[in-house]
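For reference, upload-v4.cif is printed below; it contains mmCIF, C-alpha atoms.
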```cif
data_model
loop_
_atom_site.label_atom_id
_atom_site.label_comp_id
_atom_site.auth_asym_id
_atom_site.auth_seq_id
_atom_site.Cartn_x
_atom_site.Cartn_y
_atom_site.Cartn_z
CA MET I 4 1.88 -25.86 12.14
CA ALA I 5 2.61 -27.51 8.87
CA ALA I 6 5.92 -25.77 8.66
CA ALA I 7 7.24 -27.09 11.93
CA ARG I 8 7.64 -30.55 10.50
CA GLY I 9 9.17 -29.20 7.34
CA VAL I 10 8.31 -29.74 3.74
CA ILE I 11 9.73 -32.86 2.17
CA LEU I 12 11.39 -32.05 -1.11
CA LYS I 13 12.65 -35.48 -2.04
CA ALA I 14 10.97 -35.62 -5.43
CA VAL I 15 11.66 -32.01 -6.39
CA LYS I 16 14.36 -30.84 -8.74
CA LYS I 17 13.91 -27.08 -8.71
CA ILE I 18 11.64 -24.46 -7.25
CA ALA I 19 11.59 -21.02 -8.85
CA VAL I 20 9.70 -18.30 -7.03
CA GLN I 21 9.09 -14.91 -8.54
CA PHE I 22 7.14 -12.01 -7.05
CA CYS I 23 6.97 -8.26 -6.84
CA PRO I 24 7.37 -7.09 -3.25
CA PHE I 25 5.58 -3.80 -3.80
CA GLU I 26 2.36 -5.61 -4.68
CA SER I 27 -0.02 -6.59 -1.96
CA ASN I 28 -0.79 -10.00 -3.46
CA ALA I 29 2.72 -11.29 -2.90
CA ARG I 30 2.18 -12.14 0.75
CA SER I 31 1.21 -15.77 0.33
CA THR I 32 4.03 -16.36 -2.12
CA ARG I 33 6.54 -14.94 0.30
CA GLU I 34 5.21 -17.11 3.10
CA PHE I 35 5.42 -20.15 0.86
CA LEU I 36 9.01 -19.26 0.06
CA VAL I 37 9.84 -19.08 3.75
CA LEU I 38 8.28 -22.49 4.36
CA VAL I 39 9.99 -24.14 1.44
CA GLY I 40 13.32 -22.44 1.88
CA SER I 41 13.71 -23.25 5.56
CA GLU I 42 16.67 -25.23 6.76
CA ARG I 43 14.68 -28.36 7.51
CA SER I 44 13.08 -28.47 4.11
CA ARG I 45 16.32 -27.89 2.33
CA ALA I 46 17.96 -30.60 4.39
CA THR I 47 15.56 -33.20 3.01
CA ASN I 48 17.06 -32.73 -0.42
CA MET I 49 20.34 -30.94 -0.84
CA ASN I 50 20.21 -31.09 -4.61
CA CYS I 51 17.00 -29.14 -4.87
CA GLU I 52 17.56 -25.52 -5.84
CA VAL I 53 15.30 -22.81 -4.53
CA THR I 54 15.70 -19.64 -6.57
CA THR I 55 14.04 -16.32 -5.86
CA GLU I 56 13.45 -13.64 -8.41
CA VAL I 57 12.39 -10.19 -7.29
CA LYS I 58 10.66 -8.24 -10.00
CA HIS I 59 9.01 -4.84 -10.19
CA ASP I 60 6.69 -5.07 -13.17
CA ALA I 61 3.37 -5.56 -11.36
CA SER I 62 3.26 -9.14 -12.58
CA GLU I 63 1.45 -11.66 -10.45
CA PRO I 64 3.46 -13.88 -8.14
CA LEU I 65 4.37 -17.26 -9.58
CA ILE I 66 5.82 -20.46 -8.16
CA ASP I 67 7.23 -22.93 -10.63
CA VAL I 68 8.13 -26.37 -9.31
CA SER I 69 9.92 -28.94 -11.47
CA PHE I 70 9.84 -32.49 -10.21
CA LEU I 71 12.40 -35.20 -10.82
CA ASP I 72 10.15 -37.09 -13.20
CA GLY I 73 9.71 -34.05 -15.42
CA GLU I 74 6.35 -32.87 -14.15
CA ARG I 75 5.86 -29.16 -13.58
CA LEU I 76 3.60 -27.51 -11.06
CA VAL I 77 2.82 -23.85 -11.65
CA MET I 78 1.01 -21.98 -8.90
CA ARG I 79 -0.19 -18.43 -9.36
CA GLY I 80 -0.21 -17.06 -5.88
CA ALA I 81 -2.23 -13.90 -6.42
CA LYS I 82 -5.46 -15.28 -4.97
CA LEU I 83 -4.20 -18.31 -3.07
CA THR I 84 -3.19 -18.61 0.54
CA SER I 85 0.12 -20.09 1.50
CA ARG I 86 -1.60 -22.99 3.22
CA GLU I 87 -3.53 -23.97 0.11
CA MET I 88 -0.38 -23.84 -1.96
CA LEU I 89 1.47 -25.87 0.62
CA THR I 90 -1.16 -28.61 0.76
CA ALA I 91 -1.35 -28.83 -3.02
CA PHE I 92 2.41 -29.05 -3.21
CA GLN I 93 2.71 -31.61 -0.45
CA THR I 94 0.03 -33.91 -1.84
CA ARG I 95 1.87 -34.02 -5.12
CA CYS I 96 5.18 -34.61 -3.40
CA THR I 97 3.88 -37.50 -1.36
CA ALA I 98 2.10 -38.96 -4.38
CA LYS I 99 5.35 -38.98 -6.26
CA ASP I 100 7.44 -40.38 -3.52
CA PRO I 101 5.22 -42.66 -1.46
CA GLN I 102 7.54 -45.61 -1.16
CA ALA I 103 10.38 -43.81 0.55
CA LYS I 104 8.00 -42.12 2.99
CA LEU I 105 6.06 -45.26 3.83
CA GLY I 106 9.26 -47.20 4.29
CA ALA I 107 10.57 -44.52 6.64
CA LYS I 108 7.34 -44.46 8.61
CA LYS I 109 7.24 -48.24 8.98
CA MET M 25 -77.33 -40.38 31.98
CA ALA M 26 -80.03 -40.60 34.65
CA ALA M 27 -81.25 -37.16 33.61
CA THR M 28 -81.76 -38.18 29.97
CA LEU M 29 -83.69 -41.29 30.93
CA CYS M 30 -85.97 -39.20 33.13
CA GLY M 31 -86.55 -36.83 30.15
CA LYS M 32 -87.80 -39.66 27.97
CA LEU M 33 -90.03 -41.33 30.66
CA PHE M 34 -92.02 -38.23 31.62
CA SER M 35 -92.58 -36.76 28.11
CA SER M 36 -96.39 -36.01 28.31
CA PRO M 37 -97.20 -32.26 28.04
CA ALA M 38 -99.49 -31.93 31.07
CA TRP M 39 -97.01 -33.15 33.52
CA LEU M 40 -93.98 -31.06 34.40
CA PRO M 41 -90.99 -33.06 35.62
CA LEU M 42 -89.81 -32.54 39.15
CA THR M 43 -86.15 -32.31 38.13
CA GLN M 44 -84.77 -30.71 35.03
CA SER M 45 -81.18 -31.35 34.02
CA VAL M 46 -79.21 -28.33 33.04
CA ARG M 47 -76.06 -30.03 32.15
CA HIS M 48 -77.03 -31.94 29.14
CA GLY M 49 -75.59 -32.36 25.69
CA SER M 50 -71.87 -32.30 24.91
CA LYS M 51 -69.36 -32.73 27.66
CA ALA M 52 -66.92 -30.05 28.73
CA VAL M 53 -64.07 -32.26 29.83
CA THR M 54 -62.98 -34.56 27.04
CA ARG M 55 -59.98 -36.73 26.46
CA HIS M 56 -59.24 -35.21 23.05
CA ARG M 57 -58.76 -31.56 22.37
CA LYS M 58 -62.23 -30.13 21.88
CA PRO M 59 -62.48 -27.73 18.89
CA LEU M 60 -63.10 -24.18 20.02
CA HIS M 61 -66.41 -22.49 19.42
CA ILE M 62 -66.19 -20.23 16.37
CA LEU M 63 -66.86 -17.09 18.40
CA LYS M 64 -64.22 -18.01 20.94
CA GLN M 65 -61.83 -18.78 18.09
CA LYS M 66 -62.44 -15.36 16.57
CA MET M 67 -61.95 -13.63 19.88
CA ILE M 68 -58.68 -15.36 20.48
CA ALA M 69 -57.45 -14.57 16.96
CA VAL M 70 -58.26 -10.87 17.37
CA THR M 71 -56.72 -10.48 20.77
CA LYS M 72 -53.59 -12.58 20.10
CA TYR M 73 -50.29 -11.24 21.49
CA ILE M 74 -47.86 -10.24 18.70
CA PRO M 75 -44.41 -9.79 20.16
CA PRO M 76 -42.26 -6.97 18.74
CA LYS M 77 -39.83 -8.11 15.98
CA PRO M 78 -36.27 -8.40 17.21
CA GLY M 79 -34.02 -5.85 15.56
CA PRO M 80 -30.64 -6.65 13.95
CA PRO M 81 -28.13 -8.15 16.36
CA ALA M 82 -26.08 -5.70 18.38
CA GLY M 83 -22.76 -5.93 16.53
CA SER M 84 -24.03 -6.07 12.97
CA LEU M 85 -24.99 -2.50 12.07
CA THR M 86 -22.24 -0.46 13.68
CA PRO M 87 -18.74 -1.89 13.36
CA ARG M 88 -17.29 -3.40 16.44
CA PRO M 89 -15.08 -0.90 18.26
CA LYS M 90 -11.50 -2.03 17.61
CA ARG M 91 -9.38 -2.34 20.65
CA ILE M 92 -6.57 0.14 20.32
CA GLU M 93 -3.74 -1.27 22.31
CA GLU M 94 -1.46 1.21 23.88
CA GLU M 95 2.01 0.92 22.44
CA SER M 96 4.41 -0.50 24.92
CA GLY M 97 7.63 1.16 25.98
CA LEU M 98 9.71 -1.27 23.98
CA MET M 99 7.80 -0.40 20.85
CA ARG M 100 8.44 3.28 21.44
CA ILE M 101 12.14 2.68 21.86
CA LEU M 102 12.28 0.58 18.72
CA LYS M 103 10.37 3.20 16.78
CA ARG M 104 12.83 5.82 17.88
CA ASP M 105 15.71 3.59 16.83
CA LEU M 106 14.13 3.07 13.44
CA GLU M 107 13.68 6.79 13.02
CA ASP M 108 17.35 7.34 13.85
CA VAL M 109 18.33 4.65 11.38
CA PHE M 110 16.46 6.41 8.61
CA LYS M 111 17.92 9.76 9.58
CA ASP M 112 21.54 8.73 9.88
CA ASN M 113 21.91 6.39 6.97
CA LYS M 114 21.73 7.38 3.37
CA MET M 115 21.13 3.86 2.18
CA VAL M 116 18.48 1.62 3.74
CA ALA M 117 17.91 -1.67 1.95
CA VAL M 118 15.29 -4.27 2.77
CA ALA M 119 16.00 -7.93 2.14
CA GLN M 120 14.13 -11.09 2.92
CA ASN M 121 16.03 -14.01 4.38
CA SER M 122 13.85 -17.03 3.93
CA SER M 123 16.40 -19.25 5.60
CA SER M 124 19.75 -18.49 7.00
CA ASN M 125 21.30 -20.02 10.02
CA SER M 126 23.55 -18.15 12.38
CA GLU M 127 26.82 -18.98 10.65
CA ASP M 128 25.57 -17.74 7.28
CA MET M 129 24.42 -14.58 8.99
CA LEU M 130 27.78 -14.20 10.70
CA VAL M 131 29.67 -14.56 7.44
CA LEU M 132 27.39 -12.07 5.73
CA LYS M 133 27.68 -9.57 8.56
CA HIS M 134 31.45 -9.86 8.41
CA ARG M 135 31.52 -9.26 4.68
CA LEU M 136 29.25 -6.25 4.93
CA LYS M 137 31.06 -4.78 7.92
CA LYS M 138 34.16 -4.43 5.77
CA HIS M 139 32.28 -1.83 3.74
CA ASP M 140 30.63 -0.23 6.78
CA ILE M 141 27.24 -1.73 6.05
CA SER M 142 25.41 -2.88 9.18
CA VAL M 143 22.60 -5.39 9.41
CA LYS M 144 19.63 -4.41 11.55
CA PHE M 145 16.66 -6.43 12.72
CA PHE M 146 13.38 -4.76 13.56
CA PRO M 147 10.02 -6.44 14.19
CA ASN M 148 7.64 -5.92 11.28
CA GLN M 149 5.00 -4.62 13.62
CA VAL M 150 7.20 -1.72 14.62
CA SER M 151 8.09 -0.93 11.02
CA ARG M 152 4.48 -1.05 9.95
CA ALA M 153 3.49 1.22 12.81
CA PHE M 154 6.26 3.70 12.16
CA LEU M 155 6.40 3.96 8.37
CA PRO M 156 2.97 5.46 7.54
CA GLY M 157 3.81 8.48 9.66
CA SER M 158 7.10 9.08 7.93
CA PRO M 159 7.84 10.12 4.34
CA TYR M 160 8.82 6.51 3.59
CA LYS M 161 5.32 5.11 3.68
CA ASN M 162 5.61 3.49 0.27
CA MET M 163 8.10 1.05 1.71
CA GLU M 164 5.41 -0.47 3.88
CA PRO M 165 4.49 -3.44 1.65
CA LEU M 166 8.12 -4.56 1.66
CA PHE M 167 8.03 -5.43 5.34
CA MET M 168 6.39 -8.82 5.31
CA GLY M 169 7.79 -12.08 6.56
CA PRO M 170 11.33 -12.39 7.89
CA THR M 171 13.08 -9.22 6.80
CA VAL M 172 16.42 -7.65 7.55
CA LEU M 173 17.53 -4.08 7.08
CA LEU M 174 20.92 -3.38 5.57
CA VAL M 175 21.91 0.16 6.34
CA SER M 176 24.97 2.22 5.60
CA LYS M 177 25.90 5.86 5.79
CA GLU M 178 27.38 5.95 2.31
CA PRO M 179 25.39 4.48 -0.55
CA LYS M 180 27.57 1.51 -1.42
CA ALA M 181 25.26 -0.47 -3.60
CA LYS M 182 27.89 -2.34 -5.58
CA GLN M 183 29.70 -3.73 -2.58
CA MET M 184 26.42 -4.73 -0.98
CA LEU M 185 25.33 -6.57 -4.09
CA LEU M 186 28.64 -8.40 -4.31
CA ALA M 187 28.38 -9.49 -0.70
CA LEU M 188 24.77 -10.60 -1.13
CA ARG M 189 25.66 -12.64 -4.18
CA GLY M 190 27.54 -14.97 -1.91
CA SER M 191 24.46 -15.80 0.13
CA PRO M 192 21.68 -16.92 -2.20
CA GLN M 193 18.95 -17.21 0.37
CA ILE M 194 18.82 -13.48 1.03
CA ALA M 195 16.65 -11.77 -1.56
CA LEU M 196 17.00 -8.03 -1.92
CA LEU M 197 13.55 -6.51 -2.18
CA GLY M 198 14.16 -2.80 -2.43
CA ALA M 199 16.14 0.09 -1.06
CA CYS M 200 15.74 3.71 -0.11
CA ILE M 201 18.90 5.44 -1.27
CA GLU M 202 19.18 9.16 -0.57
CA ASN M 203 15.44 9.50 -0.05
CA THR M 204 14.55 7.79 -3.31
CA LEU M 205 12.81 4.47 -3.24
CA LEU M 206 14.38 1.98 -5.61
CA SER M 207 13.38 -1.51 -6.59
CA ARG M 208 15.91 -4.29 -7.01
CA GLN M 209 16.46 -3.37 -10.63
CA GLY M 210 16.89 0.23 -9.57
CA VAL M 211 19.60 -0.77 -7.11
CA LEU M 212 21.40 -2.74 -9.82
CA ASP M 213 21.31 0.24 -12.16
CA TYR M 214 22.40 2.54 -9.36
CA SER M 215 25.42 0.39 -8.66
CA LYS M 216 26.44 0.55 -12.31
CA LEU M 217 26.46 4.35 -12.28
CA PRO M 218 29.90 6.00 -12.11
CA THR M 219 30.78 8.00 -9.01
CA VAL M 220 29.70 11.58 -8.46
CA ILE M 221 33.22 12.96 -9.05
CA THR M 222 33.49 11.26 -12.42
CA MET M 223 30.09 12.54 -13.40
CA GLN M 224 30.96 16.05 -12.34
CA GLY M 225 34.21 15.93 -14.30
CA GLU M 226 32.39 14.69 -17.37
CA LEU M 227 29.79 17.43 -17.07
CA VAL M 228 32.40 20.15 -16.64
CA SER M 229 34.42 18.89 -19.60
CA SER M 230 31.37 18.74 -21.87
CA LEU M 231 30.42 22.30 -20.92
CA THR M 232 33.89 23.70 -21.38
CA LEU M 233 34.22 21.91 -24.70
CA MET M 234 31.71 24.22 -26.33
CA THR M 235 33.28 27.36 -24.89
CA SER M 236 36.77 26.28 -25.85
CA GLN M 237 35.57 25.61 -29.37
CA THR M 238 34.06 29.10 -29.50
CA VAL M 239 37.26 30.65 -28.18
CA SER M 240 39.41 28.89 -30.74
CA MET M 241 37.02 29.86 -33.53
CA LEU M 242 37.14 33.52 -32.55
CA GLN M 243 40.88 33.52 -32.25
CA ARG M 244 41.47 31.75 -35.52
CA HIS M 245 41.80 34.84 -37.70
CA PRO M 246 44.18 36.85 -35.52
CA ALA M 247 46.17 33.66 -34.87
CA HIS M 248 46.47 33.07 -38.60
CA LEU M 249 47.48 36.69 -39.14
CA SER M 250 50.10 36.60 -36.38
CA ALA M 251 51.50 33.33 -37.77
CA LEU M 252 51.81 34.86 -41.22
CA LEU M 253 53.51 37.98 -39.84
CA GLN M 254 55.94 35.89 -37.84
CA GLN M 255 56.82 33.94 -40.95
CA TYR M 256 57.27 37.22 -42.74
CA VAL M 257 59.57 38.55 -40.03
CA LYS M 258 61.60 35.35 -40.15
CA GLN M 259 62.01 35.64 -43.86
CA LEU M 260 62.93 39.33 -43.58
CA SER M 261 65.69 39.03 -40.99
CA PRO M 262 68.07 36.36 -42.49
CA GLU M 263 67.68 37.18 -46.18
CA GLY M 264 68.04 40.95 -46.04
CA SER M 265 66.05 43.69 -47.88
CA ALA M 266 67.32 42.93 -51.42
CA GLU M 267 65.67 39.58 -51.71
CA GLN M 268 62.62 40.81 -49.91
CA ALA M 269 61.46 43.11 -52.78
CA PRO M 270 60.51 40.37 -55.28
CA THR M 271 58.95 38.24 -52.50
CA GLN M 272 56.87 41.09 -51.07
CA PRO M 273 54.25 41.25 -53.82
CA THR M 274 53.82 37.47 -53.58
CA GLU M 275 53.44 37.72 -49.80
CA ALA M 276 50.94 40.53 -50.09
CA ALA M 277 48.88 38.40 -52.50
#
```
I need this file expressed as structure tokens, please.
Amino acid sequence: MAAARGVILKAVKKIAVQFCPFESNARSTREFLVLVGSERSRATNMNCEVTTEVKHDASEPLIDVSFLDGERLVMRGAKLTSREMLTAFQTRCTAKDPQAKLGAKK
Amino acid sequence: MAATLCGKLFSSPAWLPLTQSVRHGSKAVTRHRKPLHILKQKMIAVTKYIPPKPGPPAGSLTPRPKRIEEESGLMRILKRDLEDVFKDNKMVAVAQNSSSNSEDMLVLKHRLKKHDISVKFFPNQVSRAFLPGSPYKNMEPLFMGPTVLLVSKEPKAKQMLLALRGSPQIALLGACIENTLLSRQGVLDYSKLPTVITMQGELVSSLTLMTSQTVSMLQRHPAHLSALLQQYVKQLSPEGSAEQAPTQPTEAA
């Protein structure tokens, strides 16, 4: 599974997740939160903050990622699966931080 | 070929040939596919076999019968435990721990134990199987992903929130306090409420305020009269009757 290897958060400054647990469309957002907030992922970057906001106003679930170079990635998780969100997030992460990864792999 | 040559040699009308070839003309066995005679073609077309059309595939019209698995003994035990939890504890809160290792959990459990709040783990499958049958079925969407139950006999929302503030990875989703389902905001508001005793005292004081005001209003006139008479008596006793005569008309006025 993608989560077993952990998500690499080296180029990420902050991840803010907000959802409403009583809505049925929050499932993928919650799964994404679990994947990103796991120990392994957090260990890749100790400075990255993962904040969770639990709301109850029937708003759609939102994931707001701020990268170190100022770019923001906003994902509205109402109609997305957690896997799609994860791949989108990871492609951007690796695009931003290719040198460190390639160096580590070599 | 010999037959055709014979036909051409003996062609005079008076003389009948000894042999007459029957098989003459086009050949039956050819190397290519000989086109069928029109009558034969028509016959074949009329009497062609038309197989019956296959109906829709077997599983498409009626829905596939879902396999209802019998619930195992463990599930029954867990369901019973969950039912007891809901019965015994006034406050049942659901929180999601996206990531907490054992030492974080230990610290949190210790902090909550001080206020008699216990942490329970139940598989989501059990919760989802049990909740629709109980009056708490609106809590069902909360149980998704890694969840923990924080239960306590007394509704101690404030202490729970203080303890949870120390561990950021646990997100409180909602709670069922005294058979009312509350969201996170509801729990925060609940914790800010004063205790029942204070509320009762406030209520009693506000009710008695009106009655005490009424009582004092009713008693104002006799109280005033009795105060005046007392003053009068005081003035009477030390001064004596002589001085009282000129003061009496003024008092009466």
Quick one: residues within 10 Å of stretch 180-193 of chain M, all atoms listed in the file, excluding same-chain residues fewer than 2 positions away - as a PyMOL selection string? (chain I and resi 37+40-41+53-55) or (chain M and resi 114-115+117+119-124+128-129+131-136+138-141+174-178+195-196+199+201+211-217)
Can you work out which residues from chain I touch chain M at a cut-off of 10 Å (counting only C-alpha atoms) and hand them back as a PyMOL selection string? chain I and resi 22-31+33-45+53-59
Between atom CA of M:Leu155 and atom CA of I:Ser62, what is the spacing in Å? 24.9 Å
Which residues, named as in the file, does the PyMOL selection byres ((chain I and resi 84-98) around 7) pick out? Answer as a list in words.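 Evaluating the PyMOL selection byres ((chain I and resi 84-98) around 7) on these coordinates yields Ala14, Ser31, Thr32, Glu34, Phe35, Lys82, Leu83, Lys99, Asp100 and Pro101 of chain I.
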Kindly indicate which residue among I:Val15, I:Ala46, I:Val20, I:Val10 lies nearest to I:Asp67, using all atoms listed in the file for the distances.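 Once distances to I:Asp67 are computed over all atoms listed in the file, the minimum belongs to I:Val20.
For the atom pair formed by atom CA of M:Lys144 and atom CA of M:Asp105, the distance is 10.4 Å, given to one decimal.
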In Å, rounded to a single decimal, give me how far atom CA of I:Glu52 is from atom CA of I:Arg75.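 Distance between the two atoms: 14.5 Å.
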What are the centre and edge lengths in Å, to one decimal, of the axis-aligned box around all listed atoms of stretch 88-93 of chain I with 8 Å added on each side, as AutoDock Vina command-line options?
```
--center_x 0.7 --center_y -27.7 --center_z -1.2 --size_x 20.1 --size_y 23.8 --size_z 20.0
```
